[in-house]
$ cat protein.pdb   # PDB, C-alpha atoms, pLDDT in the B column
ATOM      1  CA  MET A   1      44.344  41.918 -33.626  1.00 57.00           C
ATOM      2  CA  PHE A   2      44.591  38.550 -35.378  1.00 62.00           C
ATOM      3  CA  ALA A   3      47.963  39.329 -36.983  1.00 66.00           C
ATOM      4  CA  ASN A   4      49.833  37.397 -34.289  1.00 68.00           C
ATOM      5  CA  LEU A   5      47.787  34.237 -34.898  1.00 64.00           C
ATOM      6  CA  THR A   6      48.382  33.698 -38.603  1.00 65.00           C
ATOM      7  CA  ASN A   7      50.245  30.377 -38.327  1.00 66.00           C
ATOM      8  CA  GLN A   8      48.579  29.097 -35.178  1.00 67.00           C
ATOM      9  CA  TRP A   9      45.260  27.971 -36.634  1.00 63.00           C
ATOM     10  CA  ASP A  10      44.514  24.249 -36.746  1.00 67.00           C
ATOM     11  CA  ILE A  11      44.056  23.618 -40.425  1.00 70.00           C
ATOM     12  CA  GLN A  12      44.920  19.916 -40.568  1.00 72.00           C
ATOM     13  CA  GLU A  13      42.424  17.446 -41.888  1.00 76.00           C
ATOM     14  CA  PRO A  14      41.090  14.866 -39.352  1.00 73.00           C
ATOM     15  CA  LYS A  15      42.405  11.304 -39.598  1.00 78.00           C
ATOM     16  CA  GLU A  16      40.629   8.669 -41.609  1.00 82.00           C
ATOM     17  CA  LYS A  17      37.356   7.319 -40.077  1.00 83.00           C
ATOM     18  CA  HIS A  18      37.285  10.233 -37.635  1.00 84.00           C
ATOM     19  CA  GLU A  19      33.514  10.533 -37.991  1.00 86.00           C
ATOM     20  CA  LEU A  20      32.982   6.831 -37.075  1.00 88.00           C
ATOM     21  CA  ARG A  21      35.148   7.172 -33.951  1.00 86.00           C
ATOM     22  CA  PHE A  22      33.232  10.328 -32.994  1.00 84.00           C
ATOM     23  CA  ILE A  23      29.839   8.566 -33.352  1.00 85.00           C
ATOM     24  CA  LYS A  24      31.113   5.546 -31.381  1.00 84.00           C
ATOM     25  CA  LYS A  25      32.260   7.766 -28.484  1.00 81.00           C
ATOM     26  CA  GLN A  26      28.971   9.630 -28.542  1.00 78.00           C
ATOM     27  CA  LYS A  27      27.016   6.350 -28.250  1.00 74.00           C
ATOM     28  CA  GLN A  28      29.158   5.293 -25.285  1.00 72.00           C
ATOM     29  CA  THR A  29      28.369   8.556 -23.525  1.00 63.00           C
ATOM     30  CA  THR A  30      24.628   8.187 -24.046  1.00 60.00           C
ATOM     31  CA  PHE A  31      24.839   4.590 -22.760  1.00 57.00           C
ATOM     32  CA  LYS A  32      26.452   5.852 -19.547  1.00 59.00           C
ATOM     33  CA  LEU A  33      23.776   8.516 -19.233  1.00 57.00           C
ATOM     34  CA  LYS A  34      21.073   5.882 -19.675  1.00 64.00           C
ATOM     35  CA  LEU A  35      22.522   3.960 -16.720  1.00 64.00           C
ATOM     36  CA  PHE A  36      23.171   7.045 -14.640  1.00 66.00           C
ATOM     37  CA  LEU A  37      19.742   8.632 -14.993  1.00 65.00           C
ATOM     38  CA  PRO A  38      17.717   5.898 -13.179  1.00 71.00           C
ATOM     39  CA  LEU A  39      20.341   5.751 -10.437  1.00 70.00           C
ATOM     40  CA  ALA A  40      20.195   9.511 -10.015  1.00 73.00           C
ATOM     41  CA  ILE A  41      16.409   9.439  -9.830  1.00 78.00           C
ATOM     42  CA  ALA A  42      16.471   6.579  -7.296  1.00 77.00           C
ATOM     43  CA  ALA A  43      19.059   8.403  -5.184  1.00 77.00           C
ATOM     44  CA  SER A  44      16.947  11.569  -5.268  1.00 78.00           C
ATOM     45  CA  ILE A  45      13.858   9.671  -4.136  1.00 80.00           C
ATOM     46  CA  MET A  46      15.781   7.983  -1.324  1.00 78.00           C
ATOM     47  CA  LEU A  47      17.167  11.325  -0.179  1.00 76.00           C
ATOM     48  CA  PHE A  48      13.682  12.856  -0.268  1.00 74.00           C
ATOM     49  CA  LEU A  49      12.236   9.979   1.799  1.00 76.00           C
ATOM     50  CA  PHE A  50      15.086  10.139   4.297  1.00 73.00           C
ATOM     51  CA  LEU A  51      14.721  13.863   4.814  1.00 72.00           C
ATOM     52  CA  ASN A  52      10.950  13.598   5.191  1.00 70.00           C
ATOM     53  CA  SER A  53      11.177  10.716   7.651  1.00 65.00           C
ATOM     54  CA  ASN A  54      13.405  12.789   9.938  1.00 53.00           C
ATOM     55  CA  ALA A  55      11.299  15.905   9.647  1.00 46.00           C
ATOM     56  CA  ASP A  56       8.675  16.807  12.212  1.00 44.00           C
ATOM     57  CA  PRO A  57       5.607  14.672  11.614  1.00 43.00           C
ATOM     58  CA  VAL A  58       2.599  16.333  10.081  1.00 39.00           C
ATOM     59  CA  GLU A  59      -0.113  17.052  12.585  1.00 39.00           C
ATOM     60  CA  SER A  60      -2.407  14.103  12.861  1.00 41.00           C
ATOM     61  CA  PRO A  61      -6.068  14.711  13.588  1.00 41.00           C
ATOM     62  CA  LYS A  62      -5.356  13.874  17.230  1.00 51.00           C
ATOM     63  CA  ASP A  63      -2.728  16.600  17.628  1.00 54.00           C
ATOM     64  CA  PHE A  64      -3.833  19.569  19.618  1.00 54.00           C
ATOM     65  CA  LYS A  65      -3.486  22.908  17.912  1.00 56.00           C
ATOM     66  CA  PHE A  66      -3.771  25.077  20.994  1.00 53.00           C
ATOM     67  CA  ALA A  67      -2.558  22.719  23.703  1.00 64.00           C
ATOM     68  CA  SER A  68       0.542  23.384  25.727  1.00 74.00           C
ATOM     69  CA  LYS A  69       3.658  21.275  25.496  1.00 77.00           C
ATOM     70  CA  GLU A  70       2.885  19.689  28.876  1.00 78.00           C
ATOM     71  CA  THR A  71      -0.616  18.665  27.775  1.00 77.00           C
ATOM     72  CA  LYS A  72       0.716  17.082  24.593  1.00 79.00           C
ATOM     73  CA  GLN A  73       3.417  15.267  26.544  1.00 80.00           C
ATOM     74  CA  THR A  74       0.941  13.975  29.130  1.00 80.00           C
ATOM     75  CA  ASP A  75      -1.370  12.761  26.408  1.00 81.00           C
ATOM     76  CA  SER A  76       1.413  10.938  24.573  1.00 83.00           C
ATOM     77  CA  ILE A  77       2.569   9.190  27.768  1.00 85.00           C
ATOM     78  CA  PHE A  78      -0.945   8.043  28.631  1.00 84.00           C
ATOM     79  CA  THR A  79      -1.588   6.975  25.042  1.00 86.00           C
ATOM     80  CA  VAL A  80       1.494   4.742  25.057  1.00 87.00           C
ATOM     81  CA  LEU A  81       0.392   3.167  28.338  1.00 87.00           C
ATOM     82  CA  ILE A  82      -3.113   2.554  26.997  1.00 88.00           C
ATOM     83  CA  GLU A  83      -1.756   0.954  23.827  1.00 89.00           C
ATOM     84  CA  ARG A  84       0.487  -1.354  25.875  1.00 88.00           C
ATOM     85  CA  GLU A  85      -2.395  -2.457  28.072  1.00 87.00           C
ATOM     86  CA  LEU A  86      -4.566  -3.087  25.016  1.00 87.00           C
ATOM     87  CA  GLU A  87      -1.822  -5.230  23.484  1.00 88.00           C
ATOM     88  CA  LYS A  88      -1.511  -7.239  26.707  1.00 86.00           C
ATOM     89  CA  ILE A  89      -5.254  -7.865  26.690  1.00 85.00           C
ATOM     90  CA  LYS A  90      -5.292  -8.854  23.020  1.00 84.00           C
ATOM     91  CA  ASP A  91      -2.414 -11.267  23.669  1.00 85.00           C
ATOM     92  CA  LYS A  92      -4.512 -13.008  26.338  1.00 83.00           C
ATOM     93  CA  LYS A  93      -7.351 -13.690  23.918  1.00 84.00           C
ATOM     94  CA  SER A  94      -8.681 -17.235  24.128  1.00 83.00           C
ATOM     95  CA  PRO A  95     -12.084 -18.882  23.726  1.00 83.00           C
ATOM     96  CA  GLU A  96     -12.644 -18.723  27.513  1.00 82.00           C
ATOM     97  CA  ASN A  97     -12.143 -14.972  27.817  1.00 82.00           C
ATOM     98  CA  GLU A  98     -13.270 -13.838  24.371  1.00 85.00           C
ATOM     99  CA  LYS A  99     -16.522 -12.384  25.758  1.00 87.00           C
ATOM    100  CA  ILE A 100     -14.680 -10.369  28.404  1.00 86.00           C
ATOM    101  CA  ILE A 101     -12.271  -8.953  25.841  1.00 85.00           C
ATOM    102  CA  SER A 102     -14.971  -8.070  23.317  1.00 86.00           C
ATOM    103  CA  ASP A 103     -16.987  -6.307  26.038  1.00 89.00           C
ATOM    104  CA  ALA A 104     -13.867  -4.449  27.154  1.00 88.00           C
ATOM    105  CA  LEU A 105     -13.144  -3.301  23.606  1.00 88.00           C
ATOM    106  CA  LYS A 106     -16.739  -2.049  23.258  1.00 91.00           C
ATOM    107  CA  GLN A 107     -16.340  -0.074  26.483  1.00 91.00           C
ATOM    108  CA  MET A 108     -13.019   1.311  25.208  1.00 89.00           C
ATOM    109  CA  LYS A 109     -14.775   2.564  22.064  1.00 91.00           C
ATOM    110  CA  ILE A 110     -17.215   4.484  24.245  1.00 92.00           C
ATOM    111  CA  LEU A 111     -14.339   5.984  26.238  1.00 91.00           C
ATOM    112  CA  ASP A 112     -12.552   6.805  22.960  1.00 90.00           C
ATOM    113  CA  LYS A 113     -15.622   8.712  21.752  1.00 91.00           C
ATOM    114  CA  ASP A 114     -15.660  10.683  24.999  1.00 91.00           C
ATOM    115  CA  TYR A 115     -11.973  11.378  24.536  1.00 90.00           C
ATOM    116  CA  ALA A 116     -12.592  12.640  20.980  1.00 89.00           C
ATOM    117  CA  LYS A 117     -15.274  14.999  22.329  1.00 90.00           C
ATOM    118  CA  ILE A 118     -12.825  16.343  24.896  1.00 88.00           C
ATOM    119  CA  LEU A 119     -10.211  16.913  22.173  1.00 85.00           C
ATOM    120  CA  LYS A 120     -12.762  18.733  20.055  1.00 87.00           C
ATOM    121  CA  GLU A 121     -13.644  20.922  23.021  1.00 86.00           C
ATOM    122  CA  LEU A 122      -9.942  21.581  23.602  1.00 83.00           C
ATOM    123  CA  ASP A 123      -9.503  22.688  19.984  1.00 82.00           C
ATOM    124  CA  LEU A 124     -12.571  24.908  20.092  1.00 84.00           C
ATOM    125  CA  ASN A 125     -12.079  26.588  23.461  1.00 82.00           C
ATOM    126  CA  GLY A 126      -8.383  26.139  24.177  1.00 79.00           C
ATOM    127  CA  GLU A 127      -6.951  24.902  27.441  1.00 81.00           C
ATOM    128  CA  SER A 128      -8.926  25.388  30.593  1.00 83.00           C
ATOM    129  CA  LYS A 129      -8.636  23.669  33.938  1.00 85.00           C
ATOM    130  CA  GLN A 130     -11.907  21.780  33.406  1.00 88.00           C
ATOM    131  CA  ILE A 131     -10.958  20.497  29.952  1.00 85.00           C
ATOM    132  CA  ILE A 132      -7.484  19.393  31.080  1.00 85.00           C
ATOM    133  CA  ASN A 133      -8.988  17.641  34.108  1.00 87.00           C
ATOM    134  CA  ALA A 134     -11.527  15.897  31.880  1.00 88.00           C
ATOM    135  CA  LEU A 135      -8.781  14.846  29.472  1.00 86.00           C
ATOM    136  CA  ILE A 136      -6.544  13.430  32.199  1.00 86.00           C
ATOM    137  CA  SER A 137      -9.500  11.813  33.937  1.00 89.00           C
ATOM    138  CA  ASN A 138     -10.546  10.057  30.719  1.00 91.00           C
ATOM    139  CA  LEU A 139      -7.014   8.793  30.159  1.00 88.00           C
ATOM    140  CA  GLN A 140      -6.758   7.550  33.761  1.00 89.00           C
ATOM    141  CA  ILE A 141     -10.131   5.815  33.545  1.00 90.00           C
ATOM    142  CA  ARG A 142      -9.103   4.051  30.353  1.00 89.00           C
ATOM    143  CA  ILE A 143      -5.835   2.817  31.861  1.00 88.00           C
ATOM    144  CA  SER A 144      -7.517   1.705  35.089  1.00 89.00           C
ATOM    145  CA  PHE A 145     -10.257  -0.043  33.158  1.00 90.00           C
ATOM    146  CA  LEU A 146      -7.755  -1.938  31.014  1.00 89.00           C
ATOM    147  CA  GLN A 147      -5.730  -2.935  34.067  1.00 89.00           C
ATOM    148  CA  GLU A 148      -8.862  -4.240  35.773  1.00 90.00           C
ATOM    149  CA  VAL A 149      -9.814  -6.250  32.693  1.00 89.00           C
ATOM    150  CA  LEU A 150      -6.306  -7.687  32.509  1.00 89.00           C
ATOM    151  CA  GLN A 151      -6.415  -8.566  36.216  1.00 90.00           C
ATOM    152  CA  HIS A 152      -9.811 -10.248  35.776  1.00 89.00           C
ATOM    153  CA  ILE A 153      -8.492 -12.308  32.853  1.00 86.00           C
ATOM    154  CA  GLU A 154      -5.437 -13.369  34.855  1.00 87.00           C
ATOM    155  CA  ASN A 155      -7.600 -14.344  37.852  1.00 87.00           C
ATOM    156  CA  THR A 156      -9.836 -16.395  35.570  1.00 83.00           C
ATOM    157  CA  GLU A 157      -6.803 -18.172  34.121  1.00 81.00           C
ATOM    158  CA  LYS A 158      -5.449 -18.906  37.626  1.00 82.00           C
ATOM    159  CA  LEU A 159      -8.776 -20.409  38.691  1.00 80.00           C
ATOM    160  CA  LYS A 160      -8.800 -22.694  35.685  1.00 78.00           C
ATOM    161  CA  ASN A 161      -5.301 -23.933  36.470  1.00 75.00           C
ATOM    162  CA  ILE A 162      -6.077 -24.904  40.087  1.00 72.00           C
ATOM    163  CA  PRO A 163      -6.466 -28.683  40.311  1.00 70.00           C
ATOM    164  CA  HIS A 164      -9.867 -29.817  41.551  1.00 62.00           C
ATOM    165  CA  GLU A 165     -10.478 -32.447  44.159  1.00 59.00           C
ATOM    166  CA  ASN A 166     -11.159 -35.854  42.780  1.00 59.00           C
ATOM    167  CA  THR A 167     -14.182 -37.518  44.266  1.00 54.00           C
ATOM    168  CA  ILE A 168     -14.455 -41.258  44.331  1.00 54.00           C
TER     169      ILE A 168
END

$ encode --input "protein.pdb" --output "structure tokens"
Amino acid sequence: MFANLTNQWDIQEPKEKHELRFIKKQKQTTFKLKLFLPLAIAASIMLFLFLNSNADPVESPKDFKFASKETKQTDSIFTVLIERELEKIKDKKSPENEKIISDALKQMKILDKDYAKILKELDLNGESKQIINALISNLQIRISFLQEVLQHIENTEKLKNIPHENTI
């Protein structure tokens, strides 16, 4: 089997300082690996974060387990509206209307607690006409309340900007 290979074996001695060149090349390779490894790890982390940011969000405590798609969609629309109205009110904060805003935020906390109770009931008993009506009613009340507070603040600001008669 090896008869054909008798004069084909590499039997030459390596050149002078072959071992030093070999060690030098090996060090260069490990240096490249030392640079490559942190970059590879960083790229892996970035890829992991990117993929997780585009994935479906994990259910937050507010998410409904047994609610229909329409109920979830309605809730998200109302929630966005409520957040916008709250931001408008917070932007209007001044020493003159600080009391109104603080009272409004206290009332919102009460309505938020009611809302949390409704969500708990929804999770326990599933969707029913009464629970959905209570949920939508709470959301509507919160939006209406915030709009009324905002209107009151704007009316107060208008009254303060009206010039008064000067008496002599």

$ resolve_selection --input "protein.pdb" --expression "the PyMOL selection byres ((chain A and resi 127) around 12)" --output "count of residues only"
26

$ atom_distance --input "protein.pdb" --atom1 "atom CA of A:Ile23" --atom2 "atom CA of A:Ile41"
27.1 Å

$ atom_distance --input "protein.pdb" --atom1 "atom CA of A:Lys117" --atom2 "atom CA of A:Leu105"
18.5 Å

$ atom_distance --input "protein.pdb" --atom1 "atom CA of A:Lys92" --atom2 "atom CA of A:Thr74"
27.7 Å

$ axis_aligned_box --input "protein.pdb" --around "stretch 39-51 of chain A" --padding-each-side "8 Å" --output "AutoDock Vina command-line options"
--center_x 16.3 --center_y 9.8 --center_z -2.8 --size_x 24.1 --size_y 24.1 --size_z 31.3

$ residues_around --input "protein.pdb" --residues "A:Asn97" --least-positions-apart "6" --cutoff "10 Å" --atoms "all atoms listed in the file" --output "list in words"
Ile89, His152, Ile153, Glu154, Thr156 and Glu157 of chain A

$ closest_residue --input "protein.pdb" --among "A:Lys27, A:Lys109, A:Lys17, A:Arg142" --to "A:Glu85" --atoms "all atoms listed in the file"
A:Arg142

$ residues_around --input "protein.pdb" --residues "A:Gln107" --least-positions-apart "5" --cutoff "12 Å" --atoms "all atoms listed in the file" --output "count of residues only"
11

$ residues_near_point --input "protein.pdb" --point "(-8.0, 8.5, 25.6)" --cutoff "6 Å" --atoms "all atoms listed in the file" --output "PDB file with C-alpha atoms, in the frame of the given file"
ATOM      1  CA  ASP A 112     -12.552   6.805  22.960  1.00 90.00           C
ATOM      2  CA  TYR A 115     -11.973  11.378  24.536  1.00 90.00           C
ATOM      3  CA  ASN A 138     -10.546  10.057  30.719  1.00 91.00           C
ATOM      4  CA  LEU A 139      -7.014   8.793  30.159  1.00 88.00           C
TER       5      LEU A 139
END

$ closest_residue --input "protein.pdb" --among "A:Gln12, A:Lys24, A:Ile136, A:Leu150" --to "A:Ser76" --atoms "only C-alpha atoms"
A:Ile136

$ closest_residue --input "protein.pdb" --among "A:Ile11, A:Leu159, A:Ile82, A:Leu47" --to "A:Met108" --atoms "only C-alpha atoms"
A:Ile82

$ build_atoms --input "protein.pdb" --residues "stretch 86-118 of chain A" --atoms "N, CA and C atoms" --output "JSON list (two decimals), keeping the file's coordinate frame"
[["chain", "number", "residue", "atom", "x", "y", "z"],
["A", 86, "LEU", "N", -3.71, -2.46, 26.03],
["A", 86, "LEU", "CA", -4.57, -3.09, 25.02],
["A", 86, "LEU", "C", -3.86, -4.27, 24.37],
["A", 87, "GLU", "N", -2.58, -4.13, 24.09],
["A", 87, "GLU", "CA", -1.82, -5.23, 23.48],
["A", 87, "GLU", "C", -1.75, -6.42, 24.43],
["A", 88, "LYS", "N", -1.55, -6.15, 25.72],
["A", 88, "LYS", "CA", -1.51, -7.24, 26.71],
["A", 88, "LYS", "C", -2.84, -7.99, 26.72],
["A", 89, "ILE", "N", -3.93, -7.23, 26.67],
["A", 89, "ILE", "CA", -5.25, -7.86, 26.69],
["A", 89, "ILE", "C", -5.48, -8.68, 25.42],
["A", 90, "LYS", "N", -5.10, -8.13, 24.28],
["A", 90, "LYS", "CA", -5.29, -8.85, 23.02],
["A", 90, "LYS", "C", -4.43, -10.11, 22.97],
["A", 91, "ASP", "N", -3.28, -10.09, 23.62],
["A", 91, "ASP", "CA", -2.41, -11.27, 23.67],
["A", 91, "ASP", "C", -3.03, -12.38, 24.51],
["A", 92, "LYS", "N", -3.87, -12.02, 25.45],
["A", 92, "LYS", "CA", -4.51, -13.01, 26.34],
["A", 92, "LYS", "C", -5.78, -13.62, 25.73],
["A", 93, "LYS", "N", -6.10, -13.24, 24.53],
["A", 93, "LYS", "CA", -7.35, -13.69, 23.92],
["A", 93, "LYS", "C", -7.37, -15.21, 23.78],
["A", 94, "SER", "N", -8.45, -15.79, 24.23],
["A", 94, "SER", "CA", -8.68, -17.24, 24.13],
["A", 94, "SER", "C", -10.19, -17.45, 24.10],
["A", 95, "PRO", "N", -10.63, -18.64, 23.77],
["A", 95, "PRO", "CA", -12.08, -18.88, 23.73],
["A", 95, "PRO", "C", -12.77, -18.64, 25.08],
["A", 96, "GLU", "N", -12.05, -18.89, 26.19],
["A", 96, "GLU", "CA", -12.64, -18.72, 27.51],
["A", 96, "GLU", "C", -12.90, -17.25, 27.86],
["A", 97, "ASN", "N", -11.99, -16.37, 27.43],
["A", 97, "ASN", "CA", -12.14, -14.97, 27.82],
["A", 97, "ASN", "C", -12.47, -14.06, 26.64],
["A", 98, "GLU", "N", -12.93, -14.64, 25.56],
["A", 98, "GLU", "CA", -13.27, -13.84, 24.37],
["A", 98, "GLU", "C", -14.39, -12.85, 24.66],
["A", 99, "LYS", "N", -15.39, -13.26, 25.42],
["A", 99, "LYS", "CA", -16.52, -12.38, 25.76],
["A", 99, "LYS", "C", -16.05, -11.19, 26.58],
["A", 100, "ILE", "N", -15.19, -11.45, 27.55],
["A", 100, "ILE", "CA", -14.68, -10.37, 28.40],
["A", 100, "ILE", "C", -13.92, -9.34, 27.56],
["A", 101, "ILE", "N", -13.08, -9.85, 26.66],
["A", 101, "ILE", "CA", -12.27, -8.95, 25.84],
["A", 101, "ILE", "C", -13.13, -8.15, 24.87],
["A", 102, "SER", "N", -14.11, -8.81, 24.26],
["A", 102, "SER", "CA", -14.97, -8.07, 23.32],
["A", 102, "SER", "C", -15.78, -6.99, 24.04],
["A", 103, "ASP", "N", -16.27, -7.31, 25.25],
["A", 103, "ASP", "CA", -16.99, -6.31, 26.04],
["A", 103, "ASP", "C", -16.05, -5.15, 26.43],
["A", 104, "ALA", "N", -14.83, -5.48, 26.78],
["A", 104, "ALA", "CA", -13.87, -4.45, 27.15],
["A", 104, "ALA", "C", -13.56, -3.53, 25.96],
["A", 105, "LEU", "N", -13.43, -4.11, 24.79],
["A", 105, "LEU", "CA", -13.14, -3.30, 23.61],
["A", 105, "LEU", "C", -14.32, -2.40, 23.25],
["A", 106, "LYS", "N", -15.56, -2.90, 23.48],
["A", 106, "LYS", "CA", -16.74, -2.05, 23.26],
["A", 106, "LYS", "C", -16.73, -0.87, 24.22],
["A", 107, "GLN", "N", -16.40, -1.14, 25.48],
["A", 107, "GLN", "CA", -16.34, -0.07, 26.48],
["A", 107, "GLN", "C", -15.24, 0.92, 26.13],
["A", 108, "MET", "N", -14.12, 0.42, 25.61],
["A", 108, "MET", "CA", -13.02, 1.31, 25.21],
["A", 108, "MET", "C", -13.44, 2.23, 24.06],
["A", 109, "LYS", "N", -14.29, 1.72, 23.16],
["A", 109, "LYS", "CA", -14.78, 2.56, 22.06],
["A", 109, "LYS", "C", -15.62, 3.71, 22.61],
["A", 110, "ILE", "N", -16.41, 3.43, 23.62],
["A", 110, "ILE", "CA", -17.22, 4.48, 24.24],
["A", 110, "ILE", "C", -16.29, 5.53, 24.90],
["A", 111, "LEU", "N", -15.28, 5.06, 25.61],
["A", 111, "LEU", "CA", -14.34, 5.98, 26.24],
["A", 111, "LEU", "C", -13.54, 6.76, 25.18],
["A", 112, "ASP", "N", -13.25, 6.12, 24.06],
["A", 112, "ASP", "CA", -12.55, 6.80, 22.96],
["A", 112, "ASP", "C", -13.42, 7.92, 22.38],
["A", 113, "LYS", "N", -14.72, 7.67, 22.26],
["A", 113, "LYS", "CA", -15.62, 8.71, 21.75],
["A", 113, "LYS", "C", -15.66, 9.90, 22.70],
["A", 114, "ASP", "N", -15.70, 9.61, 24.01],
["A", 114, "ASP", "CA", -15.66, 10.68, 25.00],
["A", 114, "ASP", "C", -14.35, 11.47, 24.88],
["A", 115, "TYR", "N", -13.28, 10.75, 24.68],
["A", 115, "TYR", "CA", -11.97, 11.38, 24.54],
["A", 115, "TYR", "C", -11.95, 12.29, 23.31],
["A", 116, "ALA", "N", -12.53, 11.83, 22.20],
["A", 116, "ALA", "CA", -12.59, 12.64, 20.98],
["A", 116, "ALA", "C", -13.40, 13.92, 21.23],
["A", 117, "LYS", "N", -14.48, 13.81, 22.00],
["A", 117, "LYS", "CA", -15.27, 15.00, 22.33],
["A", 117, "LYS", "C", -14.45, 16.00, 23.15],
["A", 118, "ILE", "N", -13.66, 15.46, 24.07],
["A", 118, "ILE", "CA", -12.82, 16.34, 24.90],
["A", 118, "ILE", "C", -11.79, 17.04, 24.02]]
